[in-house]
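What follows is the content of model_13.pdb, which has PDB, C-alpha atoms and all ligand atoms:
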ATOM      1  CA  MET D   2      46.465  54.987 -64.373
ATOM      2  CA  THR D   3      47.325  56.282 -60.904
ATOM      3  CA  LEU D   4      46.579  53.884 -58.047
ATOM      4  CA  LEU D   5      46.161  54.927 -54.434
ATOM      5  CA  ARG D   6      46.863  51.896 -52.248
ATOM      6  CA  ILE D   7      45.793  51.881 -48.612
ATOM      7  CA  ASP D   8      46.919  48.979 -46.397
ATOM      8  CA  ALA D   9      45.084  48.635 -43.100
ATOM      9  CA  SER D  10      46.285  45.359 -41.563
ATOM     10  CA  ALA D  11      48.182  45.775 -38.307
ATOM     11  CA  ARG D  12      50.457  42.988 -39.567
ATOM     12  CA  THR D  13      53.286  44.035 -41.827
ATOM     13  CA  THR D  14      54.424  40.418 -42.317
ATOM     14  CA  ASN D  15      52.350  37.304 -43.052
ATOM     15  CA  SER D  16      49.385  39.509 -43.909
ATOM     16  CA  VAL D  17      46.808  37.890 -46.170
ATOM     17  CA  SER D  18      45.253  41.224 -47.204
ATOM     18  CA  ARG D  19      48.654  42.658 -48.156
ATOM     19  CA  ALA D  20      49.536  39.548 -50.191
ATOM     20  CA  LEU D  21      46.203  39.698 -52.027
ATOM     21  CA  ALA D  22      46.622  43.443 -52.569
ATOM     22  CA  ASP D  23      50.078  42.825 -54.066
ATOM     23  CA  GLN D  24      48.397  40.532 -56.614
ATOM     24  CA  ALA D  25      45.588  43.027 -57.231
ATOM     25  CA  GLU D  26      48.125  45.813 -57.729
ATOM     26  CA  ALA D  27      50.022  43.679 -60.260
ATOM     27  CA  ALA D  28      46.777  42.840 -62.092
ATOM     28  CA  LEU D  29      45.802  46.506 -62.267
ATOM     29  CA  ALA D  30      49.240  47.407 -63.699
ATOM     30  CA  PRO D  31      49.193  51.081 -62.605
ATOM     31  CA  ALA D  32      51.566  53.632 -64.130
ATOM     32  CA  LYS D  33      51.969  55.279 -60.726
ATOM     33  CA  VAL D  34      51.238  54.102 -57.164
ATOM     34  CA  ILE D  35      50.634  56.347 -54.160
ATOM     35  CA  ARG D  36      50.938  54.257 -50.982
ATOM     36  CA  ARG D  37      49.627  54.746 -47.473
ATOM     37  CA  ASP D  38      50.436  52.013 -44.990
ATOM     38  CA  LEU D  39      48.266  52.602 -41.941
ATOM     39  CA  ALA D  40      50.341  50.187 -39.806
ATOM     40  CA  SER D  41      53.793  51.664 -40.390
ATOM     41  CA  ASP D  42      52.527  55.201 -41.040
ATOM     42  CA  PRO D  43      49.295  55.492 -39.026
ATOM     43  CA  VAL D  44      46.964  58.467 -39.108
ATOM     44  CA  PRO D  45      45.674  59.957 -35.852
ATOM     45  CA  GLN D  46      42.089  59.881 -34.707
ATOM     46  CA  ILE D  47      40.189  63.099 -35.151
ATOM     47  CA  ASP D  48      39.542  65.302 -32.114
ATOM     48  CA  GLY D  49      37.102  68.092 -31.285
ATOM     49  CA  PHE D  50      39.324  70.853 -32.655
ATOM     50  CA  TRP D  51      39.651  69.000 -35.974
ATOM     51  CA  ALA D  52      35.883  68.460 -36.165
ATOM     52  CA  ALA D  53      35.243  72.179 -35.612
ATOM     53  CA  SER D  54      38.039  73.284 -37.984
ATOM     54  CA  ARG D  55      36.588  71.330 -40.906
ATOM     55  CA  LEU D  56      33.443  73.478 -40.738
ATOM     56  CA  VAL D  57      35.347  76.780 -41.037
ATOM     57  CA  ALA D  58      35.522  78.148 -44.606
ATOM     58  CA  GLU D  59      39.052  77.959 -46.001
ATOM     59  CA  GLU D  60      39.418  81.752 -46.246
ATOM     60  CA  ASP D  61      38.351  82.198 -42.607
ATOM     61  CA  ARG D  62      40.596  79.537 -41.042
ATOM     62  CA  SER D  63      43.201  80.474 -38.423
ATOM     63  CA  ALA D  64      46.725  79.104 -38.827
ATOM     64  CA  GLU D  65      45.944  76.526 -36.123
ATOM     65  CA  GLU D  66      42.759  75.402 -37.875
ATOM     66  CA  ALA D  67      44.573  75.137 -41.205
ATOM     67  CA  ASP D  68      47.328  73.123 -39.493
ATOM     68  CA  ALA D  69      44.788  70.795 -37.925
ATOM     69  CA  LEU D  70      43.371  70.009 -41.385
ATOM     70  CA  ARG D  71      46.736  69.622 -43.175
ATOM     71  CA  LEU D  72      46.986  65.822 -43.012
ATOM     72  CA  SER D  73      43.340  65.476 -44.021
ATOM     73  CA  ASP D  74      44.005  67.801 -46.989
ATOM     74  CA  ASP D  75      47.018  65.683 -48.004
ATOM     75  CA  LEU D  76      45.110  62.381 -47.735
ATOM     76  CA  ILE D  77      42.265  63.846 -49.809
ATOM     77  CA  ALA D  78      44.741  65.139 -52.416
ATOM     78  CA  ASP D  79      46.002  61.539 -52.765
ATOM     79  CA  LEU D  80      42.418  60.376 -53.345
ATOM     80  CA  GLN D  81      41.759  63.138 -55.869
ATOM     81  CA  ALA D  82      44.942  62.251 -57.772
ATOM     82  CA  ALA D  83      43.979  58.561 -58.044
ATOM     83  CA  ASP D  84      42.015  56.919 -60.829
ATOM     84  CA  THR D  85      41.731  53.698 -58.797
ATOM     85  CA  VAL D  86      41.728  53.263 -55.036
ATOM     86  CA  LEU D  87      42.899  49.888 -53.699
ATOM     87  CA  ILE D  88      42.006  49.345 -50.046
ATOM     88  CA  ALA D  89      43.366  46.211 -48.365
ATOM     89  CA  SER D  90      41.803  45.493 -45.000
ATOM     90  CA  PRO D  91      41.212  42.727 -42.494
ATOM     91  CA  VAL D  92      37.925  42.183 -40.701
ATOM     92  CA  TYR D  93      38.562  42.989 -37.026
ATOM     93  CA  ASN D  94      35.775  42.099 -34.615
ATOM     94  CA  PHE D  95      33.261  42.067 -37.473
ATOM     95  CA  GLY D  96      34.107  45.605 -38.531
ATOM     96  CA  LEU D  97      36.826  47.778 -40.027
ATOM     97  CA  PRO D  98      40.193  48.142 -38.278
ATOM     98  CA  ALA D  99      40.349  51.338 -36.204
ATOM     99  CA  ALA D 100      43.331  52.432 -38.337
ATOM    100  CA  LEU D 101      41.165  52.414 -41.470
ATOM    101  CA  LYS D 102      38.241  54.096 -39.707
ATOM    102  CA  ALA D 103      40.632  56.879 -38.647
ATOM    103  CA  TRP D 104      41.618  57.344 -42.324
ATOM    104  CA  ILE D 105      37.937  57.426 -43.354
ATOM    105  CA  ASP D 106      37.183  60.086 -40.725
ATOM    106  CA  LEU D 107      39.986  62.236 -42.173
ATOM    107  CA  VAL D 108      38.961  61.921 -45.840
ATOM    108  CA  ALA D 109      35.182  62.346 -45.467
ATOM    109  CA  ARG D 110      35.029  66.154 -45.455
ATOM    110  CA  PRO D 111      31.933  68.291 -46.096
ATOM    111  CA  LYS D 112      32.279  70.506 -49.201
ATOM    112  CA  VAL D 113      35.508  68.697 -50.118
ATOM    113  CA  THR D 114      34.672  65.019 -50.658
ATOM    114  CA  PHE D 115      30.888  65.211 -50.158
ATOM    115  CA  SER D 116      28.271  67.894 -49.973
ATOM    116  CA  TYR D 117      24.684  68.156 -48.853
ATOM    117  CA  THR D 118      22.185  69.332 -51.454
ATOM    118  CA  PRO D 119      18.384  69.779 -51.330
ATOM    119  CA  ASP D 120      18.233  66.307 -52.906
ATOM    120  CA  GLY D 121      20.455  64.761 -50.237
ATOM    121  CA  PRO D 122      24.183  64.089 -49.932
ATOM    122  CA  VAL D 123      26.327  64.007 -53.081
ATOM    123  CA  GLY D 124      29.805  62.476 -53.306
ATOM    124  CA  LEU D 125      32.422  64.744 -54.849
ATOM    125  CA  LEU D 126      35.003  62.093 -55.839
ATOM    126  CA  LYS D 127      33.949  61.411 -59.409
ATOM    127  CA  GLY D 128      35.115  59.058 -62.149
ATOM    128  CA  LYS D 129      37.054  56.760 -59.842
ATOM    129  CA  ARG D 130      37.079  53.027 -59.336
ATOM    130  CA  ALA D 131      37.778  51.209 -56.069
ATOM    131  CA  VAL D 132      39.036  47.707 -55.402
ATOM    132  CA  ILE D 133      38.496  46.448 -51.862
ATOM    133  CA  VAL D 134      40.622  43.501 -50.736
ATOM    134  CA  MET D 135      39.245  41.917 -47.567
ATOM    135  CA  ALA D 136      40.832  39.236 -45.371
ATOM    136  CA  SER D 137      39.041  37.461 -42.563
ATOM    137  CA  GLY D 138      39.562  34.420 -40.403
ATOM    138  CA  GLY D 139      36.121  32.919 -40.827
ATOM    139  CA  THR D 140      33.587  35.704 -41.130
ATOM    140  CA  LYS D 141      32.207  35.364 -44.650
ATOM    141  CA  ILE D 142      32.905  38.529 -46.633
ATOM    142  CA  ASP D 143      29.585  40.262 -47.342
ATOM    143  CA  GLY D 144      27.893  37.636 -45.183
ATOM    144  CA  PRO D 145      25.639  38.369 -42.174
ATOM    145  CA  GLY D 146      28.529  38.926 -39.703
ATOM    146  CA  ASP D 147      30.545  41.202 -41.979
ATOM    147  CA  TYR D 148      29.959  44.837 -41.031
ATOM    148  CA  ALA D 149      33.304  45.868 -42.556
ATOM    149  CA  THR D 150      32.773  45.403 -46.300
ATOM    150  CA  PRO D 151      29.259  46.956 -46.447
ATOM    151  CA  HIS D 152      30.512  49.862 -44.321
ATOM    152  CA  LEU D 153      33.452  50.519 -46.636
ATOM    153  CA  ARG D 154      31.289  50.196 -49.758
ATOM    154  CA  HIS D 155      28.742  52.623 -48.255
ATOM    155  CA  VAL D 156      31.429  55.180 -47.344
ATOM    156  CA  LEU D 157      32.962  54.997 -50.836
ATOM    157  CA  ALA D 158      29.527  55.493 -52.441
ATOM    158  CA  PHE D 159      28.868  58.430 -50.091
ATOM    159  CA  LEU D 160      32.099  60.004 -51.373
ATOM    160  CA  GLY D 161      31.069  59.362 -55.000
ATOM    161  CA  ILE D 162      32.885  56.084 -55.752
ATOM    162  CA  THR D 163      30.283  53.542 -56.828
ATOM    163  CA  ASP D 164      32.389  51.406 -59.193
ATOM    164  CA  VAL D 165      33.650  49.015 -56.510
ATOM    165  CA  SER D 166      35.036  45.480 -56.831
ATOM    166  CA  VAL D 167      35.501  43.310 -53.743
ATOM    167  CA  VAL D 168      38.270  40.722 -53.737
ATOM    168  CA  SER D 169      38.467  38.147 -50.971
ATOM    169  CA  SER D 170      39.939  35.101 -52.667
ATOM    170  CA  GLU D 171      42.260  34.113 -55.463
ATOM    171  CA  ALA D 172      39.243  33.252 -57.627
ATOM    172  CA  ASP D 173      38.116  36.866 -57.393
ATOM    173  CA  LEU D 174      41.612  37.995 -58.361
ATOM    174  CA  ASP D 175      41.264  36.085 -61.633
ATOM    175  CA  LYS D 176      38.143  38.125 -62.382
ATOM    176  CA  LEU D 177      39.928  41.382 -61.572
ATOM    177  CA  ASP D 178      42.684  40.408 -63.986
ATOM    178  CA  HIS D 179      40.130  39.940 -66.777
ATOM    179  CA  GLN D 180      38.507  43.295 -65.947
ATOM    180  CA  ALA D 181      41.887  45.022 -66.099
ATOM    181  CA  ALA D 182      42.622  43.371 -69.430
ATOM    182  CA  ALA D 183      39.189  44.244 -70.899
TER     183      ALA D 183
HETATM  184  C1  LIG D 201      41.997  42.023 -33.393
HETATM  185  C2  LIG D 201      41.529  41.025 -34.429
HETATM  186  C3  LIG D 201      40.194  40.826 -34.608
HETATM  187  C4  LIG D 201      39.738  39.908 -35.576
HETATM  188  N1  LIG D 201      38.410  39.766 -35.762
HETATM  189  C5  LIG D 201      37.984  38.915 -36.734
HETATM  190  C6  LIG D 201      36.586  38.781 -37.031
HETATM  191  O1  LIG D 201      35.721  39.425 -36.453
HETATM  192  N2  LIG D 201      36.225  37.918 -38.004
HETATM  193  C7  LIG D 201      37.146  37.162 -38.689
HETATM  194  O2  LIG D 201      36.761  36.387 -39.562
HETATM  195  N3  LIG D 201      38.455  37.292 -38.453
HETATM  196  C8  LIG D 201      38.893  38.140 -37.497
HETATM  197  N4  LIG D 201      40.226  38.281 -37.275
HETATM  198  C9  LIG D 201      41.170  37.524 -38.133
HETATM  199  C10 LIG D 201      41.669  38.382 -39.281
HETATM  200  O3  LIG D 201      40.621  38.992 -40.013
HETATM  201  C11 LIG D 201      42.481  37.505 -40.222
HETATM  202  O4  LIG D 201      43.577  36.959 -39.524
HETATM  203  C12 LIG D 201      42.989  38.283 -41.419
HETATM  204  O5  LIG D 201      43.754  37.419 -42.246
HETATM  205  C13 LIG D 201      43.819  39.458 -40.973
HETATM  206  O6  LIG D 201      44.286  40.173 -42.104
HETATM  207  P1  LIG D 201      45.835  40.159 -42.459
HETATM  208  O7  LIG D 201      46.185  38.698 -42.735
HETATM  209  O8  LIG D 201      45.963  41.007 -43.659
HETATM  210  O9  LIG D 201      46.581  40.676 -41.274
HETATM  211  C14 LIG D 201      40.678  39.166 -36.319
HETATM  212  C15 LIG D 201      42.058  39.375 -36.115
HETATM  213  C16 LIG D 201      42.471  40.284 -35.173
HETATM  214  C17 LIG D 201      43.959  40.511 -34.977
END
As structure tokens, the full file:
Amino acid sequence: MTLLRIDASARTTNSVSRALADQAEAALAPAKVIRRDLASDPVPQIDGFWAASRLVAEEDRSAEEADALRLSDDLIADLQAADTVLIASPVYNFGLPAALKAWIDLVARPKVTFSYTPDGPVGLLKGKRAVIVMASGGTKIDGPGDYATPHLRHVLAFLGITDVSVVSSEADLDKLDHQAAA
């Protein structure tokens, strides 16, 4: 099993989400791990040129347009290579950290990770599982003030990943362990 692990906390030490994700990673026992740490190796925010470039067919792209999409292509290749995606994130101001939103903006690509059909949008990332590890300082995960976890779950479903587990406590980690062992 290949695991793609995304860490989104701005803290690289004393981070609750990273500590929980370490336990989740151990429970999942992946054969290979692809890591992206959005604190020590952040991705840029998209700009207007990027947004326009993503709409140009691959065969028609200029060198500059292809360059603009290179990081997005690489991040999507990591997703495509993964069987399981582990996303560890804090709740910041009731939502997702900007670092993680920047990653989402780069991996949600029309005709690459989702497409529009006459029946509505279809996610193109198939056969994958996601584990979301959320840390907060009081906002109840999936409670009324949590706009982060539902947002992330919705984005993953939009991209085709509907098998999603949410871990926010050690009790949940026990369950994940049993799922991995099953
Ligand atoms: C900028 C910022 C905004 C935060 N906003 C919230 C919030 O809206 N709700 C909450 O429960 N905790 C909030 N927290 C607390 C963090 O979610 C909490 O400390 C969490 O453990 C951070 O994850 P980490 O330990 O992996 O760094 C905030 C922390 C920071 C730094």
_Given 9 Å and all atoms listed in the file, residues near ligand LIG 201 (chain D) as a ChimeraX atom specification_ = /D:8-21,89-96,98,135-142,146-147
*Using the chain letters and numbers from the file, which residues does the PyMOL selection byres (((chain D and resi 42-59) around 10) and not hetatm) grab, as JSON, numbers by chain?*
{"D": [8, 9, 11, 37, 38, 39, 40, 41, 60, 61, 62, 63, 65, 66, 67, 68, 69, 70, 72, 73, 76, 99, 100, 101, 102, 103, 104, 105, 106, 107, 110, 111, 112, 113]}
*Could you jot down the CA of Ser166 (chain D) to CA of Tyr117 (chain D) separation for me, Å, one decimal place?*
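Here the two named atoms are 26.2 Å from each other.
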*Work out how far CA of Leu153 (chain D) is from CA of Pro122 (chain D), in Å to one decimal.*
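For CA of Pro122 (chain D) relative to CA of Leu153 (chain D), the distance reads 16.8 Å.
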Starting from 4 Å padding per side, set up an axis-aligned box that covers all listed atoms of region 111-117 of chain D and hand over centre and edge lengths in Å, one decimal, as lines of an AutoDock Vina configuration file.
center_x = 30.1
center_y = 67.8
center_z = -48.4
size_x = 18.8
size_y = 13.5
size_z = 12.6
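Between CA of Gly144 (chain D) and CA of Val108 (chain D) there is a distance of 26.7 Å.
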_If we count all atoms listed in the file and set the cut-off at 10 Å, which residues sit around Ala32 (chain D), ignoring sequence neighbours fewer than 4 positions away in its own chain? Please answer as a PyMOL selection string._
chain D and resi 2-4
_So that I can see what lies close to Phe115 (chain D), please list as a list of chain:residue names the residues with an atom at most 6 Å from it, counting only C-alpha atoms and leaving out residues fewer than 5 positions away in the same chain._
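Close residues of Phe115 (chain D): D:Val123, D:Gly124, D:Leu125, D:Leu160.
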_Using only C-alpha atoms, which protein or nucleic acid residues come within 9 Å of Leu80 (chain D)? Drop anything in the same chain fewer than 6 positions from it, and give the result as an MDAnalysis selection string._
chainID D and resid 5 86 108 126
Dump as a compact mmCIF listing (two decimals), in the coordinates of the input, selection limited to C-alpha atoms:
# COMPACT_ATOMS: atom_id res chain seq x y z
CA LEU D 5 46.16 54.93 -54.43
CA VAL D 86 41.73 53.26 -55.04
CA VAL D 108 38.96 61.92 -45.84
CA LEU D 126 35.00 62.09 -55.84
*asked:* For the PyMOL selection byres (((chain D and resi 33) around 12) and not hetatm), applied here, can you spell out every residue it catches as a ChimeraX atom specification?
replied: /D:2-6,26-27,29-32,34-36,79,82-86
May I have the protein, DNA and RNA residues with an atom at most 10 Å from (33.3, 54.8, -51.1), counting all atoms listed in the file in the file's coordinates, returned as an mmCIF file with C-alpha atoms, in the frame of the given file?
data_model
loop_
_atom_site.group_PDB
_atom_site.id
_atom_site.type_symbol
_atom_site.label_atom_id
_atom_site.label_comp_id
_atom_site.auth_asym_id
_atom_site.auth_seq_id
_atom_site.Cartn_x
_atom_site.Cartn_y
_atom_site.Cartn_z
ATOM 1 C CA VAL D 86 41.728 53.263 -55.036
ATOM 2 C CA ILE D 105 37.937 57.426 -43.354
ATOM 3 C CA ALA D 109 35.182 62.346 -45.467
ATOM 4 C CA GLY D 124 29.805 62.476 -53.306
ATOM 5 C CA LEU D 126 35.003 62.093 -55.839
ATOM 6 C CA LYS D 129 37.054 56.760 -59.842
ATOM 7 C CA ARG D 130 37.079 53.027 -59.336
ATOM 8 C CA ALA D 131 37.778 51.209 -56.069
ATOM 9 C CA ILE D 133 38.496 46.448 -51.862
ATOM 10 C CA PRO D 151 29.259 46.956 -46.447
ATOM 11 C CA HIS D 152 30.512 49.862 -44.321
ATOM 12 C CA LEU D 153 33.452 50.519 -46.636
ATOM 13 C CA ARG D 154 31.289 50.196 -49.758
ATOM 14 C CA HIS D 155 28.742 52.623 -48.255
ATOM 15 C CA VAL D 156 31.429 55.180 -47.344
ATOM 16 C CA LEU D 157 32.962 54.997 -50.836
ATOM 17 C CA ALA D 158 29.527 55.493 -52.441
ATOM 18 C CA PHE D 159 28.868 58.430 -50.091
ATOM 19 C CA LEU D 160 32.099 60.004 -51.373
ATOM 20 C CA GLY D 161 31.069 59.362 -55.000
ATOM 21 C CA ILE D 162 32.885 56.084 -55.752
ATOM 22 C CA THR D 163 30.283 53.542 -56.828
ATOM 23 C CA ASP D 164 32.389 51.406 -59.193
ATOM 24 C CA VAL D 165 33.650 49.015 -56.510
#
_Pick from D:Tyr148, D:Thr118, D:Leu87, D:Lys127 nearest to Gln24 (chain D), counting only C-alpha atoms_ = D:Leu87
